[in-house]
$ cat upload-v8.cif   # mmCIF, C-alpha atoms
data_entry
#
loop_
_atom_site.group_PDB
_atom_site.id
_atom_site.type_symbol
_atom_site.label_atom_id
_atom_site.label_comp_id
_atom_site.auth_asym_id
_atom_site.auth_seq_id
_atom_site.Cartn_x
_atom_site.Cartn_y
_atom_site.Cartn_z
ATOM 1 C CA MET A 1438 38.223 -60.558 133.877
ATOM 2 C CA ILE A 1439 40.065 -58.702 131.126
ATOM 3 C CA ALA A 1440 38.587 -56.604 128.321
ATOM 4 C CA VAL A 1441 40.555 -56.108 125.109
ATOM 5 C CA LEU A 1442 39.877 -53.460 122.459
ATOM 6 C CA ALA A 1443 41.017 -55.056 119.260
ATOM 7 C CA GLY A 1444 41.393 -54.580 115.534
ATOM 8 C CA GLY A 1445 42.516 -57.320 113.175
ATOM 9 C CA THR A 1446 45.971 -58.724 112.383
ATOM 10 C CA GLY A 1447 48.080 -57.187 115.167
ATOM 11 C CA ALA A 1448 45.388 -57.862 117.738
ATOM 12 C CA ALA A 1449 45.026 -61.469 116.601
ATOM 13 C CA LYS A 1450 48.756 -62.065 117.065
ATOM 14 C CA PHE A 1451 48.528 -60.615 120.551
ATOM 15 C CA VAL A 1452 45.454 -62.699 121.388
ATOM 16 C CA ARG A 1453 47.346 -65.804 120.296
ATOM 17 C CA GLY A 1454 49.763 -65.151 123.164
ATOM 18 C CA LEU A 1455 47.091 -63.979 125.577
ATOM 19 C CA LEU A 1456 45.222 -67.279 125.271
ATOM 20 C CA GLU A 1457 48.307 -69.029 126.639
ATOM 21 C CA VAL A 1458 48.491 -66.724 129.657
ATOM 22 C CA VAL A 1459 44.894 -66.351 130.864
ATOM 23 C CA LEU A 1460 41.796 -68.533 130.701
ATOM 24 C CA PRO A 1461 39.729 -67.749 127.598
ATOM 25 C CA GLU A 1462 36.598 -67.572 129.747
ATOM 26 C CA THR A 1463 38.066 -64.488 131.448
ATOM 27 C CA LEU A 1464 38.472 -62.573 128.157
ATOM 28 C CA THR A 1465 36.049 -60.198 126.478
ATOM 29 C CA LEU A 1466 37.228 -58.899 123.118
ATOM 30 C CA ILE A 1467 35.598 -55.738 121.772
ATOM 31 C CA GLY A 1468 36.152 -55.799 118.030
ATOM 32 C CA ASN A 1469 36.245 -53.042 115.423
ATOM 33 C CA THR A 1470 33.430 -53.112 112.874
ATOM 34 C CA GLY A 1471 34.389 -49.948 111.011
ATOM 35 C CA ASP A 1472 36.041 -52.211 108.406
ATOM 36 C CA ASP A 1473 32.812 -54.140 107.721
ATOM 37 C CA VAL A 1474 31.747 -54.338 104.106
ATOM 38 C CA GLU A 1475 29.035 -55.924 101.989
ATOM 39 C CA LEU A 1476 30.205 -57.704 98.857
ATOM 40 C CA TRP A 1477 28.265 -60.074 96.599
ATOM 41 C CA GLY A 1478 25.297 -59.690 98.920
ATOM 42 C CA VAL A 1479 27.046 -60.944 102.056
ATOM 43 C CA HIS A 1480 27.981 -59.070 105.223
ATOM 44 C CA ILE A 1481 31.709 -59.347 105.962
ATOM 45 C CA SER A 1482 33.200 -58.369 109.335
ATOM 46 C CA PRO A 1483 36.953 -58.736 108.698
ATOM 47 C CA ASP A 1484 38.257 -57.802 112.157
ATOM 48 C CA LEU A 1485 35.638 -59.815 114.035
ATOM 49 C CA ASP A 1486 36.366 -62.790 111.792
ATOM 50 C CA THR A 1487 40.130 -62.570 112.249
ATOM 51 C CA LEU A 1488 39.652 -62.537 116.018
ATOM 52 C CA MET A 1489 37.088 -65.350 115.920
ATOM 53 C CA TYR A 1490 39.311 -67.544 113.770
ATOM 54 C CA GLN A 1491 42.209 -66.968 116.155
ATOM 55 C CA LEU A 1492 40.045 -67.867 119.150
ATOM 56 C CA ALA A 1493 38.816 -70.999 117.359
ATOM 57 C CA GLY A 1494 42.269 -72.088 116.181
ATOM 58 C CA TRP A 1495 41.291 -71.584 112.538
ATOM 59 C CA LEU A 1496 43.302 -68.505 111.604
ATOM 60 C CA ASP A 1497 45.755 -68.592 108.713
ATOM 61 C CA GLU A 1498 48.592 -67.080 110.715
ATOM 62 C CA GLU A 1499 50.915 -66.798 107.713
ATOM 63 C CA ARG A 1500 48.513 -64.431 105.966
ATOM 64 C CA GLY A 1501 47.188 -62.950 109.191
ATOM 65 C CA TRP A 1502 43.597 -63.295 107.933
ATOM 66 C CA GLY A 1503 41.224 -65.953 106.666
ATOM 67 C CA VAL A 1504 41.001 -69.657 107.407
ATOM 68 C CA ARG A 1505 44.101 -71.828 107.472
ATOM 69 C CA GLY A 1506 44.277 -74.166 104.465
ATOM 70 C CA ASP A 1507 41.404 -72.434 102.659
ATOM 71 C CA THR A 1508 40.747 -72.748 98.946
ATOM 72 C CA PHE A 1509 39.564 -70.036 96.555
ATOM 73 C CA ALA A 1510 37.463 -71.855 93.949
ATOM 74 C CA CYS A 1511 34.434 -69.590 94.437
ATOM 75 C CA LEU A 1512 36.567 -66.456 94.049
ATOM 76 C CA ALA A 1513 38.091 -67.818 90.835
ATOM 77 C CA THR A 1514 34.634 -68.511 89.430
ATOM 78 C CA ILE A 1515 33.440 -65.029 90.353
ATOM 79 C CA GLY A 1516 36.388 -63.743 88.334
ATOM 80 C CA ARG A 1517 35.323 -65.911 85.384
ATOM 81 C CA TYR A 1518 32.020 -64.076 85.431
ATOM 82 C CA GLY A 1519 33.899 -60.798 85.119
ATOM 83 C CA GLU A 1520 33.225 -59.600 88.647
ATOM 84 C CA PRO A 1521 35.965 -57.847 90.679
ATOM 85 C CA THR A 1522 38.020 -60.141 92.896
ATOM 86 C CA TRP A 1523 40.255 -57.645 94.690
ATOM 87 C CA PHE A 1524 38.761 -58.635 98.050
ATOM 88 C CA GLN A 1525 39.948 -62.186 98.490
ATOM 89 C CA LEU A 1526 37.513 -64.493 100.221
ATOM 90 C CA GLY A 1527 38.331 -68.160 100.669
ATOM 91 C CA ASP A 1528 35.643 -70.813 100.365
ATOM 92 C CA ARG A 1529 35.493 -71.628 104.089
ATOM 93 C CA ASP A 1530 35.685 -67.950 104.948
ATOM 94 C CA LEU A 1531 32.757 -67.303 102.626
ATOM 95 C CA ALA A 1532 30.711 -69.872 104.534
ATOM 96 C CA THR A 1533 31.100 -67.725 107.664
ATOM 97 C CA HIS A 1534 29.778 -64.669 105.840
ATOM 98 C CA LEU A 1535 26.863 -66.577 104.335
ATOM 99 C CA VAL A 1536 25.781 -67.865 107.737
ATOM 100 C CA ARG A 1537 26.214 -64.410 109.333
ATOM 101 C CA THR A 1538 24.207 -62.738 106.562
ATOM 102 C CA ASN A 1539 21.429 -65.293 106.930
ATOM 103 C CA LEU A 1540 21.293 -64.712 110.684
ATOM 104 C CA LEU A 1541 21.159 -60.935 110.202
ATOM 105 C CA ARG A 1542 18.324 -61.283 107.681
ATOM 106 C CA ARG A 1543 16.448 -63.444 110.179
ATOM 107 C CA GLY A 1544 16.540 -60.569 112.657
ATOM 108 C CA TYR A 1545 19.656 -61.306 114.686
ATOM 109 C CA SER A 1546 21.713 -58.326 115.775
ATOM 110 C CA LEU A 1547 25.406 -58.376 114.888
ATOM 111 C CA THR A 1548 26.121 -59.143 118.561
ATOM 112 C CA GLU A 1549 23.753 -62.122 118.474
ATOM 113 C CA ALA A 1550 25.078 -63.358 115.139
ATOM 114 C CA THR A 1551 28.671 -63.107 116.383
ATOM 115 C CA ALA A 1552 27.796 -65.040 119.552
ATOM 116 C CA ALA A 1553 26.083 -67.745 117.493
ATOM 117 C CA LEU A 1554 29.067 -68.140 115.166
ATOM 118 C CA CYS A 1555 31.496 -68.272 118.090
ATOM 119 C CA ALA A 1556 29.386 -70.866 119.910
ATOM 120 C CA ARG A 1557 29.288 -73.095 116.834
ATOM 121 C CA LEU A 1558 33.097 -72.919 116.582
ATOM 122 C CA GLY A 1559 33.574 -73.739 120.267
ATOM 123 C CA VAL A 1560 35.025 -70.323 121.155
ATOM 124 C CA ARG A 1561 35.186 -69.921 124.930
ATOM 125 C CA ALA A 1562 36.135 -66.237 125.114
ATOM 126 C CA ARG A 1563 33.455 -63.594 124.547
ATOM 127 C CA LEU A 1564 33.686 -61.620 121.304
ATOM 128 C CA LEU A 1565 31.591 -58.460 121.007
ATOM 129 C CA PRO A 1566 31.265 -56.037 118.094
ATOM 130 C CA MET A 1567 31.766 -52.431 119.157
ATOM 131 C CA THR A 1568 28.193 -51.648 118.036
ATOM 132 C CA ASP A 1569 25.204 -53.237 116.337
ATOM 133 C CA ASP A 1570 24.672 -50.043 114.364
ATOM 134 C CA PRO A 1571 26.283 -49.414 110.952
ATOM 135 C CA VAL A 1572 29.536 -47.475 111.371
ATOM 136 C CA ARG A 1573 31.971 -47.430 108.468
ATOM 137 C CA THR A 1574 35.460 -46.008 108.153
ATOM 138 C CA TYR A 1575 36.039 -43.836 105.080
ATOM 139 C CA ILE A 1576 39.359 -42.476 103.876
ATOM 140 C CA HIS A 1577 39.376 -39.065 102.190
ATOM 141 C CA THR A 1578 41.970 -38.853 99.416
ATOM 142 C CA PRO A 1579 42.750 -36.251 96.718
ATOM 143 C CA SER A 1580 40.869 -38.440 94.216
ATOM 144 C CA GLY A 1581 37.775 -38.919 96.343
ATOM 145 C CA VAL A 1582 36.436 -40.811 99.335
ATOM 146 C CA LEU A 1583 37.203 -44.514 99.679
ATOM 147 C CA ALA A 1584 35.608 -47.088 101.949
ATOM 148 C CA PHE A 1585 38.308 -48.553 104.152
ATOM 149 C CA GLN A 1586 38.560 -51.879 102.311
ATOM 150 C CA GLU A 1587 38.846 -50.056 98.990
ATOM 151 C CA PHE A 1588 41.718 -48.009 100.403
ATOM 152 C CA PHE A 1589 43.432 -50.827 102.278
ATOM 153 C CA VAL A 1590 42.956 -53.825 99.980
ATOM 154 C CA ARG A 1591 42.064 -52.621 96.492
ATOM 155 C CA GLU A 1592 44.394 -49.604 96.474
ATOM 156 C CA ARG A 1593 46.986 -51.248 98.774
ATOM 157 C CA TRP A 1594 46.880 -48.096 100.990
ATOM 158 C CA MET A 1595 48.843 -46.131 98.401
ATOM 159 C CA PRO A 1596 46.659 -42.965 98.065
ATOM 160 C CA GLU A 1597 47.505 -39.866 100.048
ATOM 161 C CA VAL A 1598 45.276 -39.575 103.115
ATOM 162 C CA MET A 1599 43.638 -36.222 103.795
ATOM 163 C CA ALA A 1600 41.177 -37.225 106.535
ATOM 164 C CA VAL A 1601 39.537 -40.235 108.172
ATOM 165 C CA GLU A 1602 35.793 -40.408 108.806
ATOM 166 C CA TYR A 1603 33.821 -42.810 111.019
ATOM 167 C CA ARG A 1604 30.536 -42.485 109.191
ATOM 168 C CA GLY A 1605 27.489 -43.267 111.311
ATOM 169 C CA SER A 1606 29.296 -43.089 114.638
ATOM 170 C CA GLU A 1607 27.354 -40.033 115.765
ATOM 171 C CA ARG A 1608 24.170 -42.140 115.883
ATOM 172 C CA ALA A 1609 25.651 -45.442 117.033
ATOM 173 C CA ARG A 1610 25.365 -46.964 120.488
ATOM 174 C CA PRO A 1611 27.725 -49.457 122.113
ATOM 175 C CA ALA A 1612 26.709 -53.059 121.560
ATOM 176 C CA PRO A 1613 25.096 -54.824 124.523
ATOM 177 C CA GLY A 1614 27.771 -55.854 127.013
ATOM 178 C CA VAL A 1615 30.481 -53.469 125.828
ATOM 179 C CA LEU A 1616 30.184 -50.840 128.540
ATOM 180 C CA GLU A 1617 29.671 -53.521 131.193
ATOM 181 C CA ALA A 1618 32.818 -55.340 130.059
ATOM 182 C CA ILE A 1619 34.829 -52.132 130.428
ATOM 183 C CA SER A 1620 33.356 -51.166 133.798
ATOM 184 C CA GLU A 1621 33.607 -54.658 135.333
ATOM 185 C CA ALA A 1622 37.010 -55.748 134.032
ATOM 186 C CA GLN A 1623 39.969 -55.944 136.374
ATOM 187 C CA GLY A 1624 42.038 -54.587 133.528
ATOM 188 C CA ILE A 1625 41.499 -53.257 130.008
ATOM 189 C CA LEU A 1626 44.016 -53.756 127.223
ATOM 190 C CA ILE A 1627 44.205 -51.874 123.950
ATOM 191 C CA ALA A 1628 45.820 -54.319 121.559
ATOM 192 C CA PRO A 1629 48.733 -53.254 119.314
ATOM 193 C CA SER A 1630 46.328 -52.319 116.519
ATOM 194 C CA ASN A 1631 46.225 -49.331 114.181
ATOM 195 C CA PRO A 1632 45.081 -46.468 116.459
ATOM 196 C CA ILE A 1633 43.275 -44.590 113.687
ATOM 197 C CA THR A 1634 41.338 -47.274 111.814
ATOM 198 C CA SER A 1635 41.230 -50.210 114.236
ATOM 199 C CA ILE A 1636 40.779 -48.559 117.635
ATOM 200 C CA GLY A 1637 39.573 -45.118 116.516
ATOM 201 C CA PRO A 1638 36.191 -46.426 115.296
ATOM 202 C CA ILE A 1639 35.607 -48.109 118.669
ATOM 203 C CA LEU A 1640 36.414 -44.898 120.516
ATOM 204 C CA SER A 1641 34.076 -42.940 118.241
ATOM 205 C CA ILE A 1642 31.012 -44.709 119.674
ATOM 206 C CA SER A 1643 29.270 -42.582 122.287
ATOM 207 C CA GLY A 1644 29.950 -43.802 125.822
ATOM 208 C CA ILE A 1645 32.992 -45.971 125.150
ATOM 209 C CA ARG A 1646 35.592 -43.222 125.497
ATOM 210 C CA GLU A 1647 33.891 -42.042 128.690
ATOM 211 C CA ALA A 1648 33.794 -45.560 130.133
ATOM 212 C CA LEU A 1649 37.516 -45.971 129.488
ATOM 213 C CA ALA A 1650 38.297 -42.570 131.014
ATOM 214 C CA GLU A 1651 36.558 -43.641 134.227
ATOM 215 C CA ARG A 1652 38.828 -46.729 134.421
ATOM 216 C CA ARG A 1653 41.877 -44.913 133.067
ATOM 217 C CA ASP A 1654 44.389 -46.261 135.581
ATOM 218 C CA ARG A 1655 43.368 -49.812 134.665
ATOM 219 C CA VAL A 1656 43.745 -49.265 130.918
ATOM 220 C CA LEU A 1657 46.972 -50.286 129.186
ATOM 221 C CA ALA A 1658 47.676 -49.492 125.543
ATOM 222 C CA ILE A 1659 50.286 -51.518 123.674
ATOM 223 C CA SER A 1660 52.064 -49.402 121.088
ATOM 224 C CA PRO A 1661 51.885 -50.559 117.444
ATOM 225 C CA ILE A 1662 54.706 -48.118 116.652
ATOM 226 C CA LEU A 1663 58.360 -49.054 117.167
ATOM 227 C CA GLY A 1664 60.720 -46.138 116.835
ATOM 228 C CA THR A 1665 59.192 -43.991 114.122
ATOM 229 C CA GLU A 1666 57.617 -46.774 112.062
ATOM 230 C CA ALA A 1667 54.515 -48.931 112.289
ATOM 231 C CA VAL A 1668 55.117 -52.613 112.890
ATOM 232 C CA SER A 1669 52.991 -53.272 109.785
ATOM 233 C CA GLY A 1670 50.366 -51.672 107.587
ATOM 234 C CA PRO A 1671 49.371 -48.027 107.168
ATOM 235 C CA ALA A 1672 49.214 -47.001 110.845
ATOM 236 C CA GLY A 1673 52.060 -44.522 110.446
ATOM 237 C CA LYS A 1674 50.598 -42.981 107.320
ATOM 238 C CA LEU A 1675 47.178 -42.605 108.917
ATOM 239 C CA MET A 1676 48.536 -41.203 112.186
ATOM 240 C CA ARG A 1677 50.539 -38.598 110.295
ATOM 241 C CA ALA A 1678 47.485 -37.634 108.241
ATOM 242 C CA CYS A 1679 45.438 -37.175 111.425
ATOM 243 C CA GLY A 1680 48.050 -34.920 113.002
ATOM 244 C CA TYR A 1681 49.878 -37.363 115.249
ATOM 245 C CA GLU A 1682 53.617 -37.911 115.332
ATOM 246 C CA VAL A 1683 54.575 -41.423 114.228
ATOM 247 C CA SER A 1684 56.256 -42.521 117.439
ATOM 248 C CA PRO A 1685 55.353 -44.005 120.829
ATOM 249 C CA LEU A 1686 54.770 -40.402 121.932
ATOM 250 C CA GLY A 1687 52.247 -39.946 119.134
ATOM 251 C CA VAL A 1688 50.440 -43.097 120.279
ATOM 252 C CA ALA A 1689 50.427 -41.782 123.857
ATOM 253 C CA ARG A 1690 48.936 -38.480 122.716
ATOM 254 C CA PHE A 1691 46.243 -40.293 120.734
ATOM 255 C CA TYR A 1692 45.196 -42.216 123.846
ATOM 256 C CA ALA A 1693 45.694 -39.391 126.352
ATOM 257 C CA GLY A 1694 42.787 -39.056 128.753
ATOM 258 C CA ILE A 1695 41.502 -42.607 128.369
ATOM 259 C CA VAL A 1696 44.673 -44.612 129.038
ATOM 260 C CA GLY A 1697 46.751 -44.498 132.185
ATOM 261 C CA ARG A 1698 49.472 -46.918 131.112
ATOM 262 C CA ILE A 1699 51.345 -47.652 127.919
ATOM 263 C CA LEU A 1700 53.672 -50.479 126.940
ATOM 264 C CA ILE A 1701 56.379 -49.479 124.458
ATOM 265 C CA ASP A 1702 59.294 -51.359 122.977
ATOM 266 C CA ASP A 1703 62.581 -51.652 124.867
ATOM 267 C CA GLN A 1704 64.342 -49.716 122.115
ATOM 268 C CA ASP A 1705 62.009 -46.751 122.712
ATOM 269 C CA ALA A 1706 62.803 -46.228 126.394
ATOM 270 C CA GLY A 1707 64.167 -42.809 125.486
ATOM 271 C CA TRP A 1708 60.577 -41.641 124.970
ATOM 272 C CA ARG A 1709 59.695 -42.334 128.605
ATOM 273 C CA GLU A 1710 60.014 -38.792 129.969
ATOM 274 C CA ALA A 1711 58.047 -37.175 127.138
ATOM 275 C CA ILE A 1712 55.267 -39.767 127.442
ATOM 276 C CA GLU A 1713 55.079 -39.342 131.209
ATOM 277 C CA GLN A 1714 54.527 -35.634 130.633
ATOM 278 C CA VAL A 1715 51.407 -36.587 128.670
ATOM 279 C CA GLY A 1716 50.187 -38.312 131.839
ATOM 280 C CA LEU A 1717 50.815 -41.996 131.126
ATOM 281 C CA ARG A 1718 52.858 -44.488 133.129
ATOM 282 C CA VAL A 1719 55.413 -46.095 130.846
ATOM 283 C CA PHE A 1720 56.430 -49.752 130.728
ATOM 284 C CA THR A 1721 58.859 -51.379 128.311
ATOM 285 C CA ALA A 1722 59.188 -54.855 126.800
ATOM 286 C CA PRO A 1723 60.086 -56.419 123.442
ATOM 287 C CA LEU A 1724 57.000 -55.821 121.284
ATOM 288 C CA ARG A 1725 57.761 -57.649 118.046
ATOM 289 C CA MET A 1726 55.628 -60.796 117.841
ATOM 290 C CA THR A 1727 57.847 -62.763 115.486
ATOM 291 C CA ASP A 1728 56.495 -66.123 116.619
ATOM 292 C CA ARG A 1729 54.172 -67.744 119.143
ATOM 293 C CA ALA A 1730 56.745 -67.595 121.933
ATOM 294 C CA ALA A 1731 57.237 -63.848 121.416
ATOM 295 C CA ALA A 1732 53.454 -63.311 121.489
ATOM 296 C CA ILE A 1733 53.257 -65.202 124.793
ATOM 297 C CA ARG A 1734 56.075 -63.110 126.272
ATOM 298 C CA LEU A 1735 54.316 -59.910 125.237
ATOM 299 C CA ALA A 1736 51.019 -61.102 126.717
ATOM 300 C CA ARG A 1737 52.727 -61.909 130.017
ATOM 301 C CA ALA A 1738 54.390 -58.493 130.031
ATOM 302 C CA ALA A 1739 51.066 -56.768 129.358
ATOM 303 C CA ILE A 1740 49.312 -58.604 132.189
ATOM 304 C CA ALA A 1741 52.180 -57.749 134.528
ATOM 305 C CA CYS A 1742 51.904 -54.056 133.560
ATOM 306 C CA LEU A 1743 48.175 -54.116 134.293
ATOM 307 C CA HIS A 1744 48.798 -55.454 137.789
ATOM 308 C CA SER A 1745 51.785 -53.268 138.583
ATOM 309 C CA GLU A 1746 51.205 -50.845 141.458
ATOM 310 C CA ALA A 1747 54.727 -49.426 141.430
#
$ encode --input "upload-v8.cif" --output "C-alpha cells"
Amino acid sequence: MIAVLAGGTGAAKFVRGLLEVVLPETLTLIGNTGDDVELWGVHISPDLDTLMYQLAGWLDEERGWGVRGDTFACLATIGRYGEPTWFQLGDRDLATHLVRTNLLRRGYSLTEATAALCARLGVRARLLPMTDDPVRTYIHTPSGVLAFQEFFVRERWMPEVMAVEYRGSERARPAPGVLEAISEAQGILIAPSNPITSIGPILSISGIREALAERRDRVLAISPILGTEAVSGPAGKLMRACGYEVSPLGVARFYAGIVGRILIDDQDAGWREAIEQVGLRVFTAPLRMTDRAAAIRLARAAIACLHSEA
C-alpha cells in the first residue's frame, strides 16, 4: 500500500506513471483542497478533480486540467450575461461540480462525495481530500489578499507575494482515512507538487505532519525544483516569499523533520552533501515528465527509492 500527498498538475503527471507501475487498488491519494472555490453556486475542487480525471482516464493532459475533449458552451453563455469567465470550466467538468454540490447539499461530506464521484467513474484507487472542513489558501499581496484561484488564474500569479495563509486550518481535522493511510502505508510519496500551495495546506492540518514524522524514514519527497527554477508554475516565487531558497536544498528544508528521503534531478547531484546535512537521504533520477514514458520511469525510480535500504 502506498500513500501519495498530491496537488494538481505535477501530481497528476506523476500519477499517470505510477498507475503503470503499481496496482491502482494499492494507492491512496491525499489531495489538496486549499484551492477549492465556489463559483456560480457550485463547489469546485480543482486538485481533487485533476487527480480524479487522471485516475479515470479523462484528464486533458495537454492542458493539465479539465476533461479531455471538453466544450465550453456554458462558459461562453455566462460571458454573454456579463458574468466573469476568468475561471474556465468546461461543460463536462461543470457536470462534476454540479453533482458534487448536490451531494454536499444532501449532507454528504467532501470525502463521501469524492468517493461517490470516483465510484461512478470506475476509479479503482482511493482518493481522499485532506479534510472535510473548509480550509482555503490565501495569498497576501501589496494590493490586498487574494484567494488562491484569484491569484493563480485571474491574476496569472503576477502579483508580488508577501505571505501565504491557510485560512481555517487551525480548526480543521484530517478527513476520515487520511491518518490511517499514512500510518498503514508501506511507503509515502510526496508528489512533485508546489510545496507551498499544494502540499503546504495538507501539512497545515493538525495531525498530518505528526503522522508523517512518525513514518519519516518511509516518506519520500520528489522535488518540483530543478536547479534553481520550478518545473512549472509559481512554486519558486512562493517558496522565495516564504523564506525558502529556490533549489532542491530549499525543498529539503521545507520538508525537514517529516521526510527522510528526497528524490532530486540528476543535474542537481551537487546538492547532495548540503541536503544530507539537513537529515535527508538523497536519491537522483531524471525528473522531467516530458511524456508518458518519462512519467513511468520517474514512478519506477520513486518506488525503488522507497524500498532502498542502502
$ resolve_selection --input "upload-v8.cif" --expression "the PyMOL selection byres ((chain A and resi 1627) around 7)" --output "short mmCIF file (atom, residue, chain, number, x, y, z; two decimals) with C-alpha atoms, in the frame of the given file"
data_model
loop_
_atom_site.label_atom_id
_atom_site.label_comp_id
_atom_site.auth_asym_id
_atom_site.auth_seq_id
_atom_site.Cartn_x
_atom_site.Cartn_y
_atom_site.Cartn_z
CA VAL A 1441 40.56 -56.11 125.11
CA LEU A 1442 39.88 -53.46 122.46
CA ALA A 1443 41.02 -55.06 119.26
CA ILE A 1625 41.50 -53.26 130.01
CA LEU A 1626 44.02 -53.76 127.22
CA ALA A 1628 45.82 -54.32 121.56
CA PRO A 1629 48.73 -53.25 119.31
CA LEU A 1657 46.97 -50.29 129.19
CA ALA A 1658 47.68 -49.49 125.54
CA ILE A 1659 50.29 -51.52 123.67
#
$ closest_residue --input "upload-v8.cif" --among "A:Ala1448, A:Ala1739, A:Leu1476, A:Ile1636" --to "A:Glu1520" --atoms "only C-alpha atoms"
A:Leu1476
$ resolve_selection --input "upload-v8.cif" --expression "the PyMOL selection byres ((chain A and resi 1647) around 12)" --output "JSON, numbers by chain"
{"A": [1611, 1616, 1619, 1620, 1639, 1640, 1641, 1642, 1643, 1644, 1645, 1646, 1648, 1649, 1650, 1651, 1652, 1653, 1694, 1695, 1696]}
$ residues_around --input "upload-v8.cif" --residues "A:Arg1690" --least-positions-apart "6" --cutoff "12 Å" --atoms "only C-alpha atoms" --output "list of chain:residue names"
A:Pro1632, A:Ala1658, A:Ser1660, A:Met1676, A:Cys1679, A:Gly1680, A:Tyr1681, A:Glu1682, A:Val1683, A:Ser1684, A:Val1696, A:Gly1697, A:Arg1698, A:Ile1699, A:Ala1711, A:Ile1712, A:Glu1713, A:Gln1714, A:Val1715, A:Gly1716, A:Leu1717
$ residues_around --input "upload-v8.cif" --residues "A:Leu1460" --least-positions-apart "5" --cutoff "9 Å" --atoms "only C-alpha atoms" --output "number ranges by chain"
A: 1455, 1561-1562
$ atom_distance --input "upload-v8.cif" --atom1 "atom CA of A:Phe1585" --atom2 "atom CA of A:Asp1728"
28.2 Å
$ resolve_selection --input "upload-v8.cif" --expression "the PyMOL selection byres ((chain A and resi 1472) around 12)" --output "PyMOL selection string"
chain A and resi 1444-1445+1468-1471+1473-1475+1480-1487+1566-1567+1571-1576+1583-1590+1602-1604+1633-1639
